[in-house]
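Asker: Provided herewith: structure.cif, mmCIF, C-alpha atoms.
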```cif
data_my_file
#
loop_
_atom_site.label_atom_id
_atom_site.label_comp_id
_atom_site.auth_asym_id
_atom_site.auth_seq_id
_atom_site.Cartn_x
_atom_site.Cartn_y
_atom_site.Cartn_z
CA MET A 1 123.75 25.06 91.80
CA LYS A 2 125.62 21.83 91.25
CA LYS A 3 128.55 21.33 93.62
CA ALA A 4 132.14 20.45 92.73
CA LEU A 5 134.79 19.33 95.22
CA ILE A 6 138.16 20.58 93.99
CA ILE A 7 141.28 18.96 95.45
CA THR A 8 144.31 21.16 94.92
CA TYR A 9 147.63 21.48 96.71
CA TYR A 10 148.18 25.07 95.59
CA TRP A 11 145.91 27.82 96.89
CA PRO A 12 146.41 31.44 98.03
CA PRO A 13 148.32 32.85 99.80
CA SER A 14 150.66 30.53 97.87
CA GLY A 15 152.00 32.30 94.79
CA GLY A 16 153.63 31.05 91.62
CA SER A 17 152.23 29.38 88.53
CA GLY A 18 150.71 26.32 90.22
CA VAL A 19 147.96 28.27 91.99
CA GLN A 20 146.66 30.28 89.03
CA ARG A 21 144.75 27.65 87.07
CA TRP A 22 142.22 26.55 89.66
CA LEU A 23 142.01 29.88 91.42
CA LYS A 24 140.78 31.38 88.14
CA PHE A 25 138.38 28.50 87.42
CA VAL A 26 136.90 28.85 90.91
CA LYS A 27 136.57 32.61 90.41
CA TYR A 28 134.14 32.15 87.48
CA MET A 29 132.41 28.80 88.14
CA ARG A 30 129.33 30.29 89.77
CA GLU A 31 128.54 32.18 86.57
CA PHE A 32 128.05 28.82 84.84
CA GLY A 33 125.97 27.03 87.46
CA TRP A 34 128.62 25.40 89.64
CA GLU A 35 129.45 25.99 93.31
CA PRO A 36 133.11 25.18 94.05
CA ILE A 37 134.23 23.61 97.33
CA VAL A 38 138.02 23.73 97.64
CA TYR A 39 140.10 21.24 99.62
CA THR A 40 143.72 22.26 100.25
CA PRO A 41 146.45 21.91 102.90
CA SER A 42 146.49 24.39 105.77
CA ASN A 43 150.30 24.38 106.08
CA SER A 44 151.75 23.53 102.67
CA GLU A 45 155.33 24.22 101.57
CA MET A 46 154.73 27.40 99.58
CA PRO A 47 157.38 28.24 96.94
CA VAL A 48 156.42 31.91 97.28
CA ILE A 49 153.70 33.87 99.06
CA ASP A 50 151.51 36.26 97.09
CA ALA A 51 148.62 37.72 99.09
CA SER A 52 147.49 39.74 96.04
CA LEU A 53 145.90 36.58 94.60
CA GLU A 54 143.39 36.37 97.46
CA LYS A 55 141.27 39.03 95.78
CA ASP A 56 140.18 36.41 93.22
CA ILE A 57 138.66 34.04 95.80
CA PRO A 58 134.86 34.36 95.53
CA LYS A 59 133.00 35.50 98.63
CA ASN A 60 131.51 32.86 100.93
CA ILE A 61 132.92 29.82 99.16
CA VAL A 62 133.78 26.82 101.30
CA VAL A 63 137.53 26.24 101.58
CA LEU A 64 138.30 23.08 103.55
CA LYS A 65 141.78 22.96 105.03
CA GLN A 66 143.59 20.14 106.76
CA PRO A 67 147.19 19.96 107.95
CA ILE A 68 149.70 18.10 105.83
CA TRP A 69 152.94 16.45 106.90
CA GLU A 70 155.71 16.80 104.34
CA PRO A 71 159.29 15.56 104.70
CA TYR A 72 160.74 18.94 103.71
CA SER A 73 161.92 19.81 107.22
CA ILE A 74 164.01 16.63 107.21
CA TYR A 75 165.18 17.34 103.66
CA LYS A 76 166.27 20.88 104.56
CA MET A 77 168.13 19.66 107.62
CA PHE A 78 169.81 16.95 105.55
CA ILE A 79 171.14 19.38 102.91
CA GLY A 80 172.00 22.09 105.44
CA GLN A 81 169.22 24.50 104.46
CA LYS A 82 167.45 26.76 106.96
CA LYS A 83 163.80 26.06 107.82
CA SER A 84 162.78 29.46 106.47
CA GLN A 85 164.42 28.86 103.07
CA LYS A 86 162.24 27.85 100.14
CA ILE A 87 162.87 24.75 98.08
CA ASN A 88 163.51 25.42 94.40
CA ALA A 89 161.45 23.55 91.84
CA ALA A 90 162.59 21.97 88.56
CA PHE A 91 166.06 21.00 89.84
CA LEU A 92 167.07 24.65 89.78
CA SER A 93 170.38 25.36 91.50
CA GLU A 94 171.46 28.83 92.54
CA ASN A 95 174.80 27.51 93.84
CA GLU A 96 177.99 26.71 91.98
CA LYS A 97 177.73 22.95 92.53
CA SER A 98 175.03 20.64 93.75
CA LYS A 99 175.99 18.88 96.95
CA TYR A 100 176.13 15.10 97.18
CA SER A 101 173.44 15.34 99.87
CA GLU A 102 171.09 17.09 97.41
CA LYS A 103 171.61 14.38 94.79
CA PHE A 104 170.96 11.69 97.38
CA SER A 105 167.77 13.52 98.45
CA VAL A 106 166.55 13.56 94.83
CA TRP A 107 167.19 9.81 94.59
CA LEU A 108 165.34 9.28 97.88
CA ARG A 109 162.38 11.41 96.74
CA GLY A 110 162.08 9.64 93.39
CA ASN A 111 162.32 6.11 94.71
CA PHE A 112 160.49 6.26 98.03
CA PHE A 113 158.10 9.22 97.94
CA ILE A 114 155.85 7.90 95.19
CA PRO A 115 154.20 9.67 93.47
CA ASP A 116 155.57 12.65 95.42
CA ALA A 117 156.35 14.00 98.87
CA ARG A 118 152.63 14.68 99.55
CA LYS A 119 151.80 10.96 99.61
CA PHE A 120 151.42 11.11 103.40
CA TRP A 121 148.38 13.37 102.98
CA VAL A 122 146.40 10.82 100.96
CA LYS A 123 145.12 8.60 103.78
CA PRO A 124 144.09 11.37 106.25
CA SER A 125 142.49 13.34 103.39
CA VAL A 126 140.38 10.38 102.27
CA LYS A 127 139.19 9.91 105.87
CA TYR A 128 138.40 13.61 106.37
CA LEU A 129 136.66 14.04 103.02
CA SER A 130 134.70 10.79 103.42
CA ASP A 131 133.17 12.19 106.61
CA TYR A 132 132.50 15.50 104.88
CA LEU A 133 130.86 13.95 101.80
CA LYS A 134 128.49 11.84 103.89
CA LYS A 135 126.94 15.04 105.22
CA ASN A 136 127.62 17.29 102.22
CA PRO A 137 127.18 15.43 98.92
CA VAL A 138 128.67 16.84 95.73
CA HIS A 139 127.97 16.20 92.04
CA ILE A 140 131.59 15.86 90.93
CA ILE A 141 135.18 15.64 92.22
CA VAL A 142 138.09 17.36 90.47
CA SER A 143 141.75 16.79 91.32
CA SER A 144 144.58 18.98 90.07
CA GLY A 145 148.14 17.70 89.70
CA PRO A 146 151.00 17.79 90.13
CA PRO A 147 151.44 16.89 92.89
CA HIS A 148 149.80 13.69 91.67
CA SER A 149 148.94 12.59 95.21
CA MET A 150 145.87 14.82 94.73
CA HIS A 151 144.66 12.36 92.07
CA LEU A 152 145.11 9.43 94.45
CA ILE A 153 142.85 11.13 97.02
CA ALA A 154 140.18 11.72 94.38
CA MET A 155 140.44 8.18 93.00
CA GLN A 156 139.78 6.62 96.39
CA LEU A 157 136.79 8.92 96.98
CA LYS A 158 135.38 8.13 93.53
CA ASN A 159 135.63 4.38 94.19
CA LYS A 160 134.10 4.74 97.65
CA PHE A 161 131.15 7.00 96.79
CA ASN A 162 130.77 6.45 93.03
CA ILE A 163 131.00 10.19 92.41
CA PRO A 164 132.07 11.31 88.91
CA TRP A 165 135.73 12.36 88.88
CA ILE A 166 137.81 14.58 86.57
CA ALA A 167 141.61 14.41 86.77
CA ASP A 168 143.26 17.66 85.65
CA PHE A 169 146.94 17.64 84.64
CA ARG A 170 148.86 20.92 84.58
CA ASP A 171 152.03 18.93 83.79
CA PRO A 172 152.71 15.35 82.67
CA TRP A 173 153.45 12.52 85.12
CA THR A 174 156.04 10.03 83.82
CA ASN A 175 156.72 12.14 80.73
CA ILE A 176 157.64 15.29 82.64
CA ASP A 177 160.98 16.77 81.58
CA PHE A 178 162.83 15.92 84.83
CA TYR A 179 161.50 12.35 85.24
CA GLN A 180 164.85 10.87 84.15
CA ASP A 181 166.66 13.06 86.69
CA LEU A 182 164.88 11.30 89.57
CA MET A 183 167.36 8.41 89.25
CA LEU A 184 164.55 5.87 89.55
CA ARG A 185 165.17 2.22 90.23
CA SER A 186 163.14 -0.30 88.22
CA PHE A 187 160.59 -0.87 91.00
CA ALA A 188 159.97 2.88 91.43
CA ASP A 189 159.56 3.46 87.68
CA LYS A 190 157.02 0.62 87.53
CA LYS A 191 155.10 2.01 90.50
CA HIS A 192 154.92 5.53 89.01
CA LYS A 193 153.64 4.07 85.72
CA ARG A 194 151.14 1.79 87.46
CA LEU A 195 149.68 4.67 89.49
CA GLU A 196 149.56 6.90 86.41
CA LEU A 197 147.68 4.21 84.49
CA GLU A 198 145.23 3.67 87.38
CA VAL A 199 144.41 7.39 87.47
CA LEU A 200 143.95 7.62 83.69
CA LYS A 201 141.81 4.48 83.66
CA ASN A 202 139.57 5.30 86.64
CA ALA A 203 138.95 8.99 86.02
CA ASP A 204 135.69 9.68 84.19
CA SER A 205 137.45 12.40 82.25
CA VAL A 206 141.06 13.59 81.95
CA ILE A 207 141.92 17.23 81.25
CA SER A 208 145.32 18.35 80.02
CA VAL A 209 146.60 21.86 79.36
CA GLY A 210 147.79 21.00 75.85
CA LYS A 211 147.05 18.84 72.82
CA THR A 212 150.29 16.84 72.82
CA MET A 213 150.03 15.98 76.51
CA SER A 214 146.44 14.82 76.02
CA GLU A 215 147.50 12.59 73.12
CA GLU A 216 150.31 11.12 75.24
CA PHE A 217 147.86 10.18 78.01
CA GLU A 218 145.48 8.66 75.47
CA LYS A 219 148.35 6.58 74.07
CA ILE A 220 149.13 5.20 77.56
CA ILE A 221 145.57 3.89 77.78
CA PHE A 222 145.68 2.58 74.20
CA ASP A 223 148.99 0.76 74.75
CA ALA A 224 147.56 -0.83 77.90
CA LYS A 225 144.62 -2.08 75.75
CA ILE A 226 142.08 -0.43 78.03
CA LYS A 227 138.82 0.51 76.35
CA SER A 228 136.84 3.50 77.56
CA GLU A 229 133.09 3.97 77.21
CA ASN A 230 133.67 7.72 77.01
CA LYS A 231 135.02 8.53 73.53
CA ASN A 232 135.72 12.10 74.64
CA LYS A 233 137.47 11.10 77.85
CA PHE A 234 140.66 13.02 77.07
CA ARG A 235 140.08 16.75 76.71
CA VAL A 236 142.19 19.88 76.42
CA ILE A 237 141.49 23.00 78.44
CA THR A 238 144.51 25.26 78.21
CA ASN A 239 145.65 27.81 80.73
CA GLY A 240 144.67 31.38 80.00
CA PHE A 241 144.65 35.02 80.99
CA ASP A 242 142.24 36.93 83.19
CA SER A 243 140.97 40.15 81.61
CA ASP A 244 140.49 41.58 85.12
CA ASP A 245 144.27 41.42 85.62
CA VAL A 246 145.06 43.59 82.60
CA SER A 247 145.52 47.20 83.61
CA SER A 248 143.03 49.56 82.01
CA GLU A 249 145.39 52.47 82.68
CA LYS A 250 147.62 53.70 79.91
CA ILE A 251 150.89 51.79 80.25
CA MET A 252 154.09 53.50 79.21
CA LEU A 253 156.42 51.16 77.35
CA ASP A 254 160.02 50.82 78.51
CA LYS A 255 162.33 53.38 76.95
CA LYS A 256 164.97 50.68 76.66
CA PHE A 257 164.81 47.81 74.15
CA SER A 258 163.67 45.51 76.96
CA ILE A 259 163.42 41.74 76.57
CA ALA A 260 161.62 40.29 79.59
CA HIS A 261 161.34 36.70 80.83
CA ILE A 262 158.87 36.04 83.62
CA GLY A 263 159.18 32.92 85.77
CA THR A 264 161.70 30.28 86.75
CA MET A 265 164.63 29.62 84.41
CA ALA A 266 165.98 26.16 85.22
CA LYS A 267 169.06 24.63 83.62
CA SER A 268 166.95 22.95 80.91
CA ARG A 269 165.51 26.36 80.06
CA ASN A 270 168.84 28.02 79.30
CA PRO A 271 168.74 29.62 75.80
CA LYS A 272 172.48 29.45 75.10
CA ALA A 273 172.15 30.50 71.45
CA PHE A 274 170.10 33.54 72.51
CA TRP A 275 172.76 34.79 74.93
CA LYS A 276 175.44 34.21 72.29
CA VAL A 277 173.53 36.23 69.67
CA LEU A 278 172.91 39.10 72.09
CA GLY A 279 176.59 39.05 73.02
CA GLU A 280 177.56 39.37 69.36
CA LEU A 281 175.09 42.20 68.75
CA ILE A 282 176.35 44.34 71.63
CA GLN A 283 179.89 43.91 70.30
CA GLU A 284 178.85 44.88 66.77
CA ASN A 285 176.55 47.79 67.58
CA LYS A 286 177.23 50.32 70.37
CA THR A 287 173.75 51.81 70.09
CA PHE A 288 172.19 48.37 70.51
CA GLU A 289 174.44 47.79 73.54
CA ASN A 290 173.17 50.99 75.18
CA ASP A 291 169.52 50.33 74.31
CA LEU A 292 169.33 46.67 75.37
CA GLU A 293 167.85 45.63 78.72
CA ILE A 294 167.37 41.99 79.75
CA LYS A 295 164.73 41.63 82.48
CA LEU A 296 164.62 38.28 84.28
CA VAL A 297 161.87 38.04 86.89
CA GLY A 298 162.00 34.86 88.98
CA LYS A 299 164.50 32.25 90.13
CA ILE A 300 167.47 31.80 87.79
CA ASP A 301 169.75 28.77 87.58
CA ILE A 302 173.46 29.43 88.07
CA SER A 303 174.22 28.05 84.57
CA ILE A 304 172.17 30.86 83.00
CA LEU A 305 173.93 33.58 84.97
CA LYS A 306 177.26 32.06 83.89
CA ASN A 307 176.23 32.29 80.22
CA ILE A 308 175.17 35.90 80.66
CA GLU A 309 178.57 36.59 82.19
CA LEU A 310 180.36 34.64 79.43
CA PHE A 311 178.82 36.82 76.71
CA LYS A 312 179.41 40.04 78.68
CA LEU A 313 175.72 40.87 79.19
CA GLU A 314 175.92 41.72 82.92
CA LYS A 315 175.45 45.48 82.33
CA GLN A 316 172.25 44.83 80.38
CA LEU A 317 170.82 42.44 83.01
CA LYS A 318 168.07 43.50 85.39
CA LYS A 319 167.43 40.54 87.71
CA ILE A 320 164.37 40.51 89.99
CA ASP A 321 163.87 37.47 92.25
CA TYR A 322 160.13 37.82 92.75
CA LEU A 323 157.21 40.15 92.11
CA SER A 324 153.56 39.83 93.09
CA HIS A 325 151.19 38.82 90.30
CA ASN A 326 149.84 42.38 90.06
CA GLU A 327 153.36 43.74 89.52
CA ILE A 328 154.23 41.00 87.00
CA VAL A 329 151.26 41.95 84.83
CA LYS A 330 152.56 45.53 84.65
CA VAL A 331 156.09 44.40 83.77
CA GLN A 332 154.67 42.31 80.91
CA GLN A 333 152.68 45.23 79.54
CA GLN A 334 155.65 47.61 79.78
CA SER A 335 158.24 45.38 78.13
CA GLN A 336 159.14 45.76 74.47
CA ILE A 337 159.49 41.98 73.91
CA LEU A 338 158.37 39.02 76.02
CA LEU A 339 160.77 36.08 76.00
CA LEU A 340 159.28 32.59 76.24
CA VAL A 341 161.88 29.86 76.63
CA LEU A 342 160.72 26.24 76.61
CA ASN A 343 162.62 23.42 78.27
CA ASN A 344 165.11 21.89 75.83
CA THR A 345 164.03 18.36 76.73
CA HIS A 346 162.44 15.32 75.10
CA ASN A 347 158.91 16.63 75.78
CA ALA A 348 159.50 20.19 74.52
CA LYS A 349 156.69 19.93 71.94
CA SER A 350 154.08 19.44 74.67
CA ILE A 351 155.23 22.27 76.96
CA LEU A 352 152.64 25.00 77.21
CA THR A 353 153.43 27.30 80.12
CA GLY A 354 150.80 29.34 81.91
CA LYS A 355 152.78 32.54 81.41
CA MET A 356 152.45 32.29 77.63
CA PHE A 357 148.74 33.12 77.89
CA GLU A 358 149.42 36.07 80.17
CA TYR A 359 151.93 37.21 77.58
CA LEU A 360 149.06 37.18 75.07
CA SER A 361 147.02 39.52 77.27
CA ALA A 362 149.95 41.95 77.53
CA GLN A 363 149.79 42.33 73.73
CA ARG A 364 153.54 42.63 73.32
CA PRO A 365 155.53 40.60 70.75
CA ILE A 366 156.46 37.13 72.01
CA LEU A 367 159.85 35.67 71.12
CA CYS A 368 159.51 31.94 71.78
CA ILE A 369 162.58 29.70 71.77
CA GLY A 370 161.47 26.12 71.30
CA PRO A 371 160.25 23.60 68.70
CA LYS A 372 158.52 25.24 65.73
CA ASP A 373 156.11 22.29 65.55
CA GLY A 374 155.17 22.39 69.25
CA ASP A 375 151.92 23.31 70.99
CA ALA A 376 153.22 26.74 72.02
CA ALA A 377 154.34 27.59 68.48
CA GLN A 378 150.92 26.63 67.14
CA ILE A 379 149.12 29.05 69.47
CA ILE A 380 151.61 31.86 68.83
CA GLU A 381 151.07 31.43 65.08
CA GLU A 382 147.29 31.17 65.45
CA THR A 383 147.10 34.38 67.49
CA GLN A 384 149.77 36.22 65.44
CA SER A 385 151.39 37.20 68.71
CA GLY A 386 155.05 36.63 67.87
CA VAL A 387 157.52 34.14 66.45
CA THR A 388 159.02 30.79 67.44
CA ILE A 389 162.69 30.02 66.78
CA ASN A 390 164.27 26.59 67.21
CA PHE A 391 166.66 26.22 70.17
CA GLU A 392 169.98 26.41 68.30
CA ASP A 393 169.01 28.54 65.28
CA GLU A 394 171.40 31.47 65.80
CA VAL A 395 170.84 32.87 62.30
CA ALA A 396 167.06 33.13 62.72
CA LEU A 397 167.45 34.51 66.25
CA LYS A 398 169.78 37.26 65.10
CA LYS A 399 167.50 38.14 62.20
CA ILE A 400 164.34 38.47 64.29
CA ILE A 401 166.06 40.43 67.08
CA LEU A 402 167.36 42.93 64.51
CA ILE A 403 163.89 43.19 62.92
CA TYR A 404 162.34 43.85 66.33
CA TYR A 405 165.09 46.33 67.20
CA ASP A 406 164.56 48.25 63.96
CA LEU A 407 160.82 48.47 64.69
CA PHE A 408 161.60 49.59 68.24
CA LYS A 409 163.79 52.43 66.95
CA LYS A 410 160.95 53.51 64.65
CA ASN A 411 158.45 53.29 67.53
CA GLN A 412 156.51 50.67 65.55
CA LEU A 413 157.10 47.53 67.62
CA GLN A 414 153.71 45.93 68.17
CA THR A 415 151.75 42.74 67.55
CA ALA A 416 148.42 41.76 66.01
CA ASN A 417 147.17 39.40 68.78
CA THR A 418 144.08 38.02 67.05
CA HIS A 419 141.62 35.43 68.38
CA ILE A 420 142.98 35.57 71.94
CA GLU A 421 139.60 35.89 73.66
CA LYS A 422 139.09 32.11 73.49
CA TYR A 423 141.96 31.89 76.01
CA SER A 424 140.34 34.18 78.56
CA ARG A 425 139.86 32.52 81.96
CA LYS A 426 136.13 33.20 81.80
CA ASN A 427 135.68 31.41 78.46
CA LEU A 428 137.86 28.51 79.60
CA THR A 429 135.77 28.17 82.77
CA LYS A 430 132.65 28.05 80.60
CA ASN A 431 134.23 25.14 78.68
CA LEU A 432 135.11 23.41 81.94
CA CYS A 433 131.61 23.75 83.38
CA GLU A 434 130.01 22.46 80.18
CA MET A 435 132.33 19.48 80.36
CA MET A 436 131.42 18.85 84.01
CA ASP A 437 127.73 18.99 83.04
CA GLU A 438 128.40 16.32 80.39
CA VAL A 439 130.28 14.05 82.78
CA VAL A 440 127.57 14.25 85.44
CA SER A 441 124.79 13.66 82.87
CA SER A 442 126.56 10.64 81.36
CA LYS A 443 127.01 9.06 84.79
CA LYS A 444 123.30 9.42 85.50
#
```
Translate this file's structure into structure tokens.
Answerer:
Amino acid sequence: MKKALIITYYWPPSGGSGVQRWLKFVKYMREFGWEPIVYTPSNSEMPVIDASLEKDIPKNIVVLKQPIWEPYSIYKMFIGQKKSQKINAAFLSENEKSKYSEKFSVWLRGNFFIPDARKFWVKPSVKYLSDYLKKNPVHIIVSSGPPHSMHLIAMQLKNKFNIPWIADFRDPWTNIDFYQDLMLRSFADKKHKRLELEVLKNADSVISVGKTMSEEFEKIIFDAKIKSENKNKFRVITNGFDSDDVSSEKIMLDKKFSIAHIGTMAKSRNPKAFWKVLGELIQENKTFENDLEIKLVGKIDISILKNIELFKLEKQLKKIDYLSHNEIVKVQQQSQILLLVLNNTHNAKSILTGKMFEYLSAQRPILCIGPKDGDAAQIIEETQSGVTINFEDEVALKKIILIYYDLFKKNQLQTANTHIEKYSRKNLTKNLCEMMDEVVSSKK
């Protein structure tokens, strides 16, 4: 078997969305002729812990772990947070007001921890992996970001050993939705963009989770007037769903007209028009009021809870801070409707969340709130798995909710879900391994 060194910050027992992509690739790589070797921190700052994911780690694979120093202990002390408390991602705030100390910490992170707070792991990782690779050669290196410090480790190893390297992006770098919120000074913005360009230029291949993101990376290279020998350098391998995770048992649907959102809901992911429409419907229809249940699983920004309160939806709300992945899969299969809310930001068209593909596997109607010409909308239309409504289109939202509710009352609420098998983790891993074969062959 050919060997692949995979550099990833997120790995079980860490939970959350960041760990899923490469855990699932690693699970199936052996079936397509590749032996994965995983490199990950031994003491990372885990957003959540989910031991249930460990079942997907193949037996006897090599997992290299080295300690990482992160400035989070100082950050927590600075903002008055306990050591045991977890740091929220995506500028999510569960408090009424953000403290000045938190804003200052964001400014500090953006301007001095470039590309991210894991930058201090780059140098020791290059040293450790250099010693390892001298005794244990591999055919290819893969880095997964964010955090983009993982790419910097891989880039130095590629330059040192001339090993083919694939940079995998789960999210954008300088085009990520919160980039402007980092309050970057000119020098920091230039450094982020310089490092991003170096990674895109030096990687033998660049994978993105969506078409728009891939095109944006390709444009960065084009604008910099850098020519690549590899015409297929920029590829798309989406996230997906694992058929093994889908319960084979008969799942009983919720008796309530349940609308479930799984995952973090940051301020930029607050569907204000949606809450307003639901608020109107419960005022207009007592039966709808009694039937409706809003299930929010994950961290919720205070602004969203305020909107729910504003439109008098507290009685319908069922808020769950965290569930293991196994439990989440069941919730998705039980729910009448799965709510997918995209960030209402400049890069909304390119946002393609991992949970959307798990929604597909649940085979429940998806109500997506986001751009109708975005990557997510295209896949939902292609798979006939639901509908996409623009952020502020209250009329269309009300219409589709009433259509779904009518079908629910008739016990006919279902979805077609065609052509979803191409998004299975196994098929996506096959695509990845074929791509790695190509990269290695072309380098020879």
Asker: Between A:Tyr179, A:Ser442, A:Tyr28, A:Gln336, which has the minimum distance to Leu407 of chain A (counting only C-alpha atoms)?
Answerer: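 Comparing A:Tyr179, A:Ser442, A:Tyr28, A:Gln336 against Leu407 of chain A, the winner is A:Gln336.
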Asker: Can you pull out the residues contacting Val138 of chain A? Cut-off 7 Å, using only C-alpha atoms, and skip same-chain residues under 4 positions away; I want them as a VMD selection string.
Answerer: chain A and resid 3 to 5
Asker: On this file, the PyMOL selection byres ((chain A and resi 342) around 6) gives some set of residues; write that set as a list in words.
Answerer: Arg269, Val341, Asn343 and Gly370 of chain A
Asker: Please, could you write that set of residues out with C-alpha atoms as an mmCIF file, in the frame of the given file?
Answerer:
```
data_model
loop_
_atom_site.group_PDB
_atom_site.id
_atom_site.type_symbol
_atom_site.label_atom_id
_atom_site.label_comp_id
_atom_site.auth_asym_id
_atom_site.auth_seq_id
_atom_site.Cartn_x
_atom_site.Cartn_y
_atom_site.Cartn_z
ATOM 1 C CA ARG A 269 165.510 26.360 80.060
ATOM 2 C CA VAL A 341 161.880 29.860 76.630
ATOM 3 C CA ASN A 343 162.620 23.420 78.270
ATOM 4 C CA GLY A 370 161.470 26.120 71.300
#
```
Asker: So what does the PyMOL selection byres ((chain A and resi 205-216) around 7) actually pick up in this one, as a PyMOL selection string?
Answerer: chain A and resi 165-170+172+200+203-204+217-220+233-239+350+352+375
Asker: When distances are computed from only C-alpha atoms, which of A:Asn175, A:Glu31, A:Gln156, A:Ile68 shows the smallest separation from Lys119 of chain A?
Answerer: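 For Lys119 of chain A, the nearest of the given residues is A:Ile68.
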Asker: Please, which residues in segment 259-364 of chain A fall within 7 Å of segment 409-426 of chain A when counting only C-alpha atoms, and what is the closest atom pair and distance in Å to one decimal for each, ordered by chain then residue number, as JSON lines?
Answerer:
```
{"residue": "A:Leu360", "atom": "CA", "partner": "A:Asn417", "partner_atom": "CA", "distance": 6.9}
{"residue": "A:Gln363", "atom": "CA", "partner": "A:Asn417", "partner_atom": "CA", "distance": 6.3}
{"residue": "A:Arg364", "atom": "CA", "partner": "A:Thr415", "partner_atom": "CA", "distance": 6.0}
```
Asker: Dig up all the protein and nucleic acid residues within 8 Å of (175.8, 34.7, 76.3) in the file frame, using all atoms listed in the file, and format them as a list in words.
Answerer: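 Neighbouring residues, ordered by chain and number, come to Lys272, Ala273, Phe274, Trp275, Lys276, Val277, Leu278, Gly279, Asn307, Ile308, Glu309, Leu310, Phe311, Lys312 and Leu313 of chain A.
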Asker: Mind pulling up the distance from atom CA of Val440 of chain A to atom CA of Asn162 of chain A?
Answerer: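 Going from atom CA of Asn162 of chain A over to atom CA of Val440 of chain A covers 11.3 Å.
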Asker: With all atoms listed in the file as the basis for distance, which of A:Ile176, A:Ala266, A:His261, A:Ile141 is at the shortest distance from Ala348 of chain A?
Answerer: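 Looking at the shortest contact to Ala348 of chain A, the residue is A:Ile176.
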Asker: Which residues are near Gln334 of chain A? Cut-off 12 Å, all atoms listed in the file, ignore same chain within fewer than 5 positions. Put them as a ChimeraX atom specification.
Answerer: /A:246-247,249-260,295,327-329,359,362-365,414
Asker: What residues come out when you apply the PyMOL selection byres ((chain A and resi 33) around 9) to this file, written as a list in words?
Answerer: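 Written out, the selection comes to Met1, Lys2, Lys3, Met29, Arg30, Glu31, Phe32, Trp34, Glu35 and Cys433 of chain A.
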Asker: At what distance in Å, to one decimal, does atom CA of Leu184 of chain A lie from atom CA of Ala117 of chain A?
Answerer: 14.8 Å
Asker: Which of these residues is nearest to Ser243 of chain A, using only C-alpha atoms: A:Tyr132, A:Tyr405, A:Phe391, A:Phe357?
Answerer: A:Phe357
Asker: Neighbourhood query: residues within 8 Å of (146.4, 22.1, 101.8), file coordinates, counting all atoms listed in the file; return as a list in words.
Answerer: Thr8, Tyr9, Tyr10, Trp11, Tyr39, Thr40, Pro41, Ser42, Asn43, Ser44, Lys65, Gln66, Pro67 and Ile68 of chain A
Asker: Let me make sure I understand: among A:Lys135, A:His325, A:Lys372, A:Lys399, which one has the smallest atom-to-atom distance to Pro12 of chain A if we use only C-alpha atoms?
Answerer: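 Smallest separation from Pro12 of chain A among the options: A:His325.
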Asker: What is the distance between atom CA of Ile221 of chain A and atom CA of Ala376 of chain A, in Å to one decimal?
Answerer: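 Those two atoms sit 24.8 Å apart.
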Asker: Pick from A:Val297, A:Ile389, A:Val126, A:Val142: nearest to Val439 of chain A, with all atoms listed in the file counted?
Answerer: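 Between A:Val297, A:Ile389, A:Val126, A:Val142, the residue approaching Val439 of chain A most closely is A:Val142.
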Asker: Can you tell me, as JSON, the centre and edge lengths (Å, one decimal) of the axis-aligned box enclosing all of segment 28-36 of chain A's listed atoms after padding each side by 3 Å?
Answerer:
```
{"center_x": 130.1, "center_y": 28.7, "center_z": 89.4, "size_x": 14.2, "size_y": 13.0, "size_z": 15.2}
```
Asker: Hey, could you make a per-residue contact list for segment 129-195 of chain A against segment 14-23 of chain A with 10 Å as the cut-off, showing the nearest pair of atoms and its distance in Å to one decimal, counting all atoms listed in the file, sorted by chain and number, as CSV?
Answerer:
```
residue,atom,partner,partner_atom,distance
A:Ser143,CA,A:Trp22,CA,9.9
A:Ser144,CA,A:Trp22,CA,7.9
A:Gly145,CA,A:Gly18,CA,9.0
A:Pro146,CA,A:Gly18,CA,8.5
A:Pro147,CA,A:Gly18,CA,9.8
A:Asp168,CA,A:Trp22,CA,9.8
A:Arg170,CA,A:Gly18,CA,8.0
A:Asp171,CA,A:Gly18,CA,9.9
```
Asker: Some atoms are absent from segment 51-56 of chain A, so rebuild N, CA and C atoms and return them as a CSV table (one decimal), in the frame of the given file.
Answerer:
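Output (result07.csv):
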```
chain,number,residue,atom,x,y,z
A,51,ALA,N,149.9,37.4,98.5
A,51,ALA,CA,148.6,37.7,99.1
A,51,ALA,C,147.7,38.4,98.1
A,52,SER,N,148.3,39.0,97.0
A,52,SER,CA,147.5,39.7,96.0
A,52,SER,C,146.5,38.8,95.3
A,53,LEU,N,146.8,37.5,95.3
A,53,LEU,CA,145.9,36.6,94.6
A,53,LEU,C,144.6,36.3,95.4
A,54,GLU,N,144.6,36.7,96.6
A,54,GLU,CA,143.4,36.4,97.5
A,54,GLU,C,142.2,37.2,97.0
A,55,LYS,N,142.4,38.2,96.3
A,55,LYS,CA,141.3,39.0,95.8
A,55,LYS,C,140.4,38.2,94.8
A,56,ASP,N,140.9,37.2,94.2
A,56,ASP,CA,140.2,36.4,93.2
A,56,ASP,C,139.3,35.3,93.9
```
